[in-house]
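A.B. asks: For reference, this is input_7.cif, and it has mmCIF, C-alpha atoms, pLDDT in the B column; chains and numbers go by the auth columns.
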data_run
loop_
_atom_site.group_PDB
_atom_site.id
_atom_site.type_symbol
_atom_site.label_atom_id
_atom_site.label_comp_id
_atom_site.label_asym_id
_atom_site.label_seq_id
_atom_site.Cartn_x
_atom_site.Cartn_y
_atom_site.Cartn_z
_atom_site.B_iso_or_equiv
_atom_site.auth_seq_id
_atom_site.auth_asym_id
ATOM 1 C CA MET A 1 40.840 -2.299 -1.148 80.00 1 X
ATOM 2 C CA LEU A 2 41.540 -0.506 2.129 83.00 2 X
ATOM 3 C CA ASP A 3 39.938 -1.543 5.418 84.00 3 X
ATOM 4 C CA GLU A 4 37.864 1.212 7.043 88.00 4 X
ATOM 5 C CA PRO A 5 36.439 1.165 10.596 92.00 5 X
ATOM 6 C CA VAL A 6 32.896 2.423 9.860 93.00 6 X
ATOM 7 C CA ALA A 7 30.229 1.255 7.411 92.00 7 X
ATOM 8 C CA VAL A 8 27.665 3.810 6.280 93.00 8 X
ATOM 9 C CA LEU A 9 24.425 1.995 5.453 92.00 9 X
ATOM 10 C CA GLN A 10 21.070 3.155 4.183 92.00 10 X
ATOM 11 C CA ALA A 11 17.985 1.470 5.577 92.00 11 X
ATOM 12 C CA LEU A 12 14.513 1.689 4.032 92.00 12 X
ATOM 13 C CA ASP A 13 11.185 0.696 5.563 92.00 13 X
ATOM 14 C CA LYS A 14 9.151 -0.169 2.452 92.00 14 X
ATOM 15 C CA ILE A 15 5.822 0.228 4.259 92.00 15 X
ATOM 16 C CA THR A 16 6.314 3.683 5.789 93.00 16 X
ATOM 17 C CA ALA A 17 8.926 4.904 3.239 93.00 17 X
ATOM 18 C CA ARG A 18 11.165 5.860 6.169 93.00 18 X
ATOM 19 C CA VAL A 19 14.832 6.116 5.160 94.00 19 X
ATOM 20 C CA LYS A 20 17.633 6.225 7.714 93.00 20 X
ATOM 21 C CA ARG A 21 21.408 6.424 7.455 93.00 21 X
ATOM 22 C CA LEU A 22 23.199 4.102 9.859 92.00 22 X
ATOM 23 C CA GLN A 23 26.853 4.272 10.801 93.00 23 X
ATOM 24 C CA VAL A 24 28.028 0.982 12.229 92.00 24 X
ATOM 25 C CA HIS A 25 31.556 0.301 13.451 94.00 25 X
ATOM 26 C CA ILE A 26 33.234 -2.965 12.468 93.00 26 X
ATOM 27 C CA GLY A 27 32.279 -5.705 14.939 92.00 27 X
ATOM 28 C CA GLN A 28 29.247 -3.789 16.205 92.00 28 X
ATOM 29 C CA VAL A 29 25.537 -4.219 15.525 93.00 29 X
ATOM 30 C CA GLY A 30 23.244 -1.580 14.061 93.00 30 X
ATOM 31 C CA LYS A 31 19.466 -1.748 14.538 93.00 31 X
ATOM 32 C CA PHE A 32 16.672 -0.801 12.157 92.00 32 X
ATOM 33 C CA GLY A 33 13.134 -1.934 12.882 90.00 33 X
ATOM 34 C CA THR A 34 13.303 -5.629 13.712 90.00 34 X
ATOM 35 C CA LEU A 35 16.662 -6.029 11.930 92.00 35 X
ATOM 36 C CA SER A 36 20.074 -6.393 13.574 93.00 36 X
ATOM 37 C CA ILE A 37 22.966 -5.636 11.230 92.00 37 X
ATOM 38 C CA LEU A 38 26.429 -6.911 12.185 94.00 38 X
ATOM 39 C CA VAL A 39 29.283 -5.408 10.164 94.00 39 X
ATOM 40 C CA ASP A 40 32.236 -7.804 9.913 94.00 40 X
ATOM 41 C CA ALA A 41 34.313 -5.794 7.407 93.00 41 X
ATOM 42 C CA CYS A 42 34.154 -2.638 5.340 93.00 42 X
ATOM 43 C CA ARG A 43 36.549 -1.965 2.482 92.00 43 X
ATOM 44 C CA LYS A 44 36.966 0.983 0.164 92.00 44 X
ATOM 45 C CA ALA A 45 38.926 1.314 -3.069 87.00 45 X
ATOM 46 C CA PRO A 46 41.967 3.610 -2.924 85.00 46 X
ATOM 47 C CA PRO A 47 41.481 7.081 -4.446 80.00 47 X
ATOM 48 C CA GLU A 48 43.384 6.212 -7.638 81.00 48 X
ATOM 49 C CA ASP A 49 40.955 3.328 -8.449 83.00 49 X
ATOM 50 C CA SER A 50 37.308 3.443 -9.488 83.00 50 X
ATOM 51 C CA PRO A 51 35.090 4.400 -6.526 83.00 51 X
ATOM 52 C CA GLU A 52 33.804 1.327 -4.690 88.00 52 X
ATOM 53 C CA SER A 53 32.866 0.409 -1.144 91.00 53 X
ATOM 54 C CA ALA A 54 31.900 -3.045 0.056 91.00 54 X
ATOM 55 C CA ALA A 55 30.813 -4.348 3.443 92.00 55 X
ATOM 56 C CA PHE A 56 30.469 -7.881 4.779 94.00 56 X
ATOM 57 C CA LEU A 57 27.158 -7.915 6.659 93.00 57 X
ATOM 58 C CA LYS A 58 25.239 -10.456 8.692 95.00 58 X
ATOM 59 C CA ILE A 59 21.615 -9.357 9.003 92.00 59 X
ATOM 60 C CA THR A 60 19.152 -11.090 11.318 92.00 60 X
ATOM 61 C CA ASP A 61 15.441 -10.464 11.727 90.00 61 X
ATOM 62 C CA GLY A 62 14.333 -10.645 15.366 86.00 62 X
ATOM 63 C CA LYS A 63 10.582 -10.388 14.799 80.00 63 X
ATOM 64 C CA SER A 64 10.038 -13.998 15.946 73.00 64 X
ATOM 65 C CA ASP A 65 11.218 -15.832 19.069 76.00 65 X
ATOM 66 C CA ALA A 66 14.148 -17.352 17.168 79.00 66 X
ATOM 67 C CA PRO A 67 15.973 -14.651 15.163 81.00 67 X
ATOM 68 C CA GLN A 68 16.555 -15.682 11.548 87.00 68 X
ATOM 69 C CA THR A 69 19.612 -14.811 9.494 89.00 69 X
ATOM 70 C CA ILE A 70 18.193 -13.250 6.338 91.00 70 X
ATOM 71 C CA PHE A 71 21.467 -12.109 4.745 91.00 71 X
ATOM 72 C CA SER A 72 25.124 -12.961 5.153 92.00 72 X
ATOM 73 C CA GLY A 73 27.669 -11.772 2.618 91.00 73 X
ATOM 74 C CA TRP A 74 29.241 -8.836 0.814 93.00 74 X
ATOM 75 C CA MET A 75 27.174 -5.851 -0.307 92.00 75 X
ATOM 76 C CA PHE A 76 28.610 -3.419 -2.826 90.00 76 X
ATOM 77 C CA ALA A 77 27.782 0.301 -2.936 88.00 77 X
ATOM 78 C CA SER A 78 28.118 0.558 -6.726 86.00 78 X
ATOM 79 C CA SER A 79 25.783 -2.365 -7.485 81.00 79 X
ATOM 80 C CA PRO A 80 23.263 -2.950 -4.688 72.00 80 X
ATOM 81 C CA ALA A 81 21.251 -5.448 -6.767 72.00 81 X
ATOM 82 C CA LEU A 82 24.272 -7.738 -7.105 75.00 82 X
ATOM 83 C CA SER A 83 23.845 -9.114 -3.588 73.00 83 X
ATOM 84 C CA ALA A 84 20.561 -7.680 -2.373 76.00 84 X
ATOM 85 C CA MET A 85 18.837 -8.653 0.847 79.00 85 X
ATOM 86 C CA ASP A 86 15.406 -10.188 0.232 82.00 86 X
ATOM 87 C CA HIS A 87 12.944 -8.960 2.881 86.00 87 X
ATOM 88 C CA PRO A 88 9.279 -7.985 2.497 88.00 88 X
ATOM 89 C CA VAL A 89 9.490 -4.886 4.750 91.00 89 X
ATOM 90 C CA TYR A 90 13.104 -3.664 4.916 91.00 90 X
ATOM 91 C CA ASP A 91 15.889 -2.893 2.475 91.00 91 X
ATOM 92 C CA ILE A 92 19.530 -2.333 3.470 92.00 92 X
ATOM 93 C CA SER A 93 22.249 -1.022 1.173 91.00 93 X
ATOM 94 C CA VAL A 94 25.873 0.040 1.580 92.00 94 X
ATOM 95 C CA VAL A 95 26.594 3.729 0.951 92.00 95 X
ATOM 96 C CA ASP A 96 30.250 4.055 1.958 92.00 96 X
ATOM 97 C CA CYS A 97 33.091 2.855 4.151 91.00 97 X
ATOM 98 C CA THR A 98 34.737 5.591 6.144 91.00 98 X
ATOM 99 C CA THR A 99 36.812 6.585 9.143 87.00 99 X
ATOM 100 C CA ASP A 100 35.529 8.282 12.289 71.00 100 X
ATOM 101 C CA SER A 101 36.871 11.643 11.129 48.00 101 X
ATOM 102 C CA THR A 102 34.851 11.635 7.900 48.00 102 X
ATOM 103 C CA VAL A 103 31.438 11.090 9.441 48.00 103 X
ATOM 104 C CA PRO A 104 28.806 13.042 7.460 47.00 104 X
ATOM 105 C CA ALA A 105 27.579 16.259 9.084 40.00 105 X
ATOM 106 C CA SER A 106 24.019 14.928 9.331 39.00 106 X
ATOM 107 C CA SER A 107 25.029 12.603 12.155 39.00 107 X
ATOM 108 C CA ALA A 108 27.370 14.984 13.942 37.00 108 X
ATOM 109 C CA ALA A 109 26.302 16.769 17.101 36.00 109 X
ATOM 110 C CA PRO A 110 24.177 19.797 16.306 35.00 110 X
ATOM 111 C CA ALA A 111 26.037 23.072 16.310 37.00 111 X
ATOM 112 C CA THR A 112 25.066 25.791 18.735 37.00 112 X
ATOM 113 C CA ALA A 113 22.770 28.277 17.057 39.00 113 X
ATOM 114 C CA VAL A 114 24.280 31.717 16.619 40.00 114 X
ATOM 115 C CA PRO A 115 21.814 34.551 15.985 43.00 115 X
ATOM 116 C CA ALA A 116 22.280 36.267 12.655 44.00 116 X
ATOM 117 C CA PRO A 117 23.393 39.887 12.802 44.00 117 X
ATOM 118 C CA ALA A 118 20.599 42.398 12.397 47.00 118 X
ATOM 119 C CA VAL A 119 20.529 43.881 8.921 48.00 119 X
ATOM 120 C CA PRO A 120 18.900 47.310 8.590 49.00 120 X
ATOM 121 C CA ALA A 121 15.952 47.442 6.210 49.00 121 X
ATOM 122 C CA PRO A 122 16.574 49.355 2.984 51.00 122 X
ATOM 123 C CA ALA A 123 15.380 52.951 3.002 53.00 123 X
ATOM 124 C CA ALA A 124 11.954 53.452 1.462 51.00 124 X
ATOM 125 C CA LYS A 125 12.008 55.108 -1.940 53.00 125 X
ATOM 126 C CA PRO A 126 9.556 57.920 -2.617 54.00 126 X
ATOM 127 C CA ALA A 127 6.654 56.814 -4.786 56.00 127 X
ATOM 128 C CA ALA A 128 6.914 57.950 -8.384 57.00 128 X
ATOM 129 C CA ALA A 129 4.318 60.452 -9.530 56.00 129 X
ATOM 130 C CA PRO A 130 1.848 58.939 -11.950 57.00 130 X
ATOM 131 C CA SER A 131 2.442 60.061 -15.515 59.00 131 X
ATOM 132 C CA HIS A 132 -0.455 61.138 -17.728 58.00 132 X
#
Do you think you could lay out the structure here as structure tokens?

C.D. replies:
Amino acid sequence: MLDEPVAVLQALDKITARVKRLQVHIGQVGKFGTLSILVDACRKAPPEDSPESAAFLKITDGKSDAPQTIFSGWMFASSPALSAMDHPVYDISVVDCTTDSTVPASSAAPATAVPAPAVPAPAAKPAAAPSH
């Protein structure tokens, strides 16, 4: 397994059905709702092996005065149920481990809009005479 600097996570709010992709660098904390997600490691199988990504996460819920650790361990992209986080409102799963240069386009800065060239409308065809 190769160490990668960014974990791509998918977060789900089970009540509102809101889904969000999070990209969290190793050693940093991502936020989703009342959850804080610390990524300690993210590893990806080399291209010649079966596809697999795994991240070591420490997830705390800060909804109360004393934040509670609700998950600490490895999560695997290929089998999310193997080490699932148990929470009544939120669900977190690992999607991928990646480098900064392979960040999905959905999180990249929006491109400047370029107007499409004007395309002339096709010439109108004469109506066919009705046949009797």

A.B. asks: So which residues touch Pro47 in chain X within 12 Å, counting all atoms listed in the file, skipping near sequence neighbours fewer than 5 positions away, as a list in words?

C.D. replies: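 These residues fall inside the cut-off: Met1, Leu2, Glu52 and Ser53 of chain X.
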
A.B. asks: Given all atoms listed in the file as the basis, pick out the residue of X:Ile92, X:Ser83, X:Cys42, X:Lys31 nearest to Val6 in chain X.

C.D. replies: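 Using all atoms listed in the file, the shortest distance to Val6 in chain X belongs to X:Cys42.
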
A.B. asks: Quick one, how far is CA of Thr98 in chain X from CA of Leu57 in chain X?

C.D. replies: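 CA of Thr98 in chain X sits 15.5 Å away from CA of Leu57 in chain X.
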
A.B. asks: Using all atoms listed in the file for the distances, tell me which of X:Asp3, X:Asp13, X:Asp61, X:Glu48 is nearest to Val89 in chain X.

C.D. replies: X:Asp13

A.B. asks: Go through X:Ala41, X:Ala66, X:Leu35, X:Ile15 and flag the residue nearest Met85 in chain X, using all atoms listed in the file for the distances.

C.D. replies: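 Among the listed residues, the smallest separation from Met85 in chain X belongs to X:Leu35.
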
A.B. asks: So what do you get for CA of Leu82 in chain X versus CA of Phe32 in chain X, distance-wise?

C.D. replies: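 Distance reported for this atom pair: 21.8 Å.
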
A.B. asks: So that I can see what lies close to Ser78 in chain X, please list as number ranges by chain the residues with an atom at most 10 Å from it, counting only C-alpha atoms and leaving out residues fewer than 6 positions away in the same chain.

C.D. replies: X: 51-54, 93-96

A.B. asks: What are the centre and the three edge lengths of an axis-aligned box that wraps all atoms of range 34-39 of chain X in the file, given that 4 Å is added to every side, written as JSON and rounded to one decimal in Å?

C.D. replies:
{"center_x": 21.3, "center_y": -6.2, "center_z": 11.9, "size_x": 24.0, "size_y": 9.5, "size_z": 11.5}

A.B. asks: Which polymer residues have any atom within 7 Å of an atom of Val24 in chain X, counting only C-alpha atoms, with same-chain residues fewer than 5 positions away left out, as a list of chain:residue names?

C.D. replies: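 These residues fall inside the cut-off: X:Val6, X:Ala7, X:Val8, X:Val29, X:Gly30, X:Val39.
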
A.B. asks: Using the selection just defined, write its residues with C-alpha atoms as a PDB file, in the frame of the given file.

C.D. replies:
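Contents of part.pdb, as written:
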ATOM      1  CA  VAL X   6      32.896   2.423   9.860  1.00 93.00           C
ATOM      2  CA  ALA X   7      30.229   1.255   7.411  1.00 92.00           C
ATOM      3  CA  VAL X   8      27.665   3.810   6.280  1.00 93.00           C
ATOM      4  CA  VAL X  29      25.537  -4.219  15.525  1.00 93.00           C
ATOM      5  CA  GLY X  30      23.244  -1.580  14.061  1.00 93.00           C
ATOM      6  CA  VAL X  39      29.283  -5.408  10.164  1.00 94.00           C
TER       7      VAL X  39
END

A.B. asks: So the first atom is CA of Glu4 in chain X and the second is CA of Ala77 in chain X; what is the distance between them in Å, to one decimal place?

C.D. replies: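 Answer for the CA of Glu4 in chain X to CA of Ala77 in chain X separation: 14.2 Å.
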
A.B. asks: So, counting only C-alpha atoms, which residue among X:Thr16, X:Ser79, X:Gln10, X:Gln28 is closest to Asp40 in chain X?

C.D. replies: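 For Asp40 in chain X, the nearest of the given residues is X:Gln28.
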
A.B. asks: List, as a list in words, every residue that the PyMOL selection byres ((chain X and resi 20) around 6) selects in the file provided.

C.D. replies: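 Answer for the PyMOL selection byres ((chain X and resi 20) around 6): Gln10, Ala11, Val19 and Arg21 of chain X.
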
A.B. asks: With the file shown as input, list the residues that the PyMOL selection byres ((chain X and resi 69) around 12) selects, as a VMD selection string.

C.D. replies: chain X and resid 34 to 38 57 to 64 66 to 68 70 to 73 85 to 87

A.B. asks: For Ala17 in chain X, which residue out of X:Asp100, X:Pro5, X:Asp91, X:Phe56 is the nearest one, using only C-alpha atoms?

C.D. replies: X:Asp91

A.B. asks: Nearest to Arg18 in chain X: which of X:Cys97, X:Tyr90, X:Trp74, X:Asp49 is it, counting all atoms listed in the file?

C.D. replies: X:Tyr90
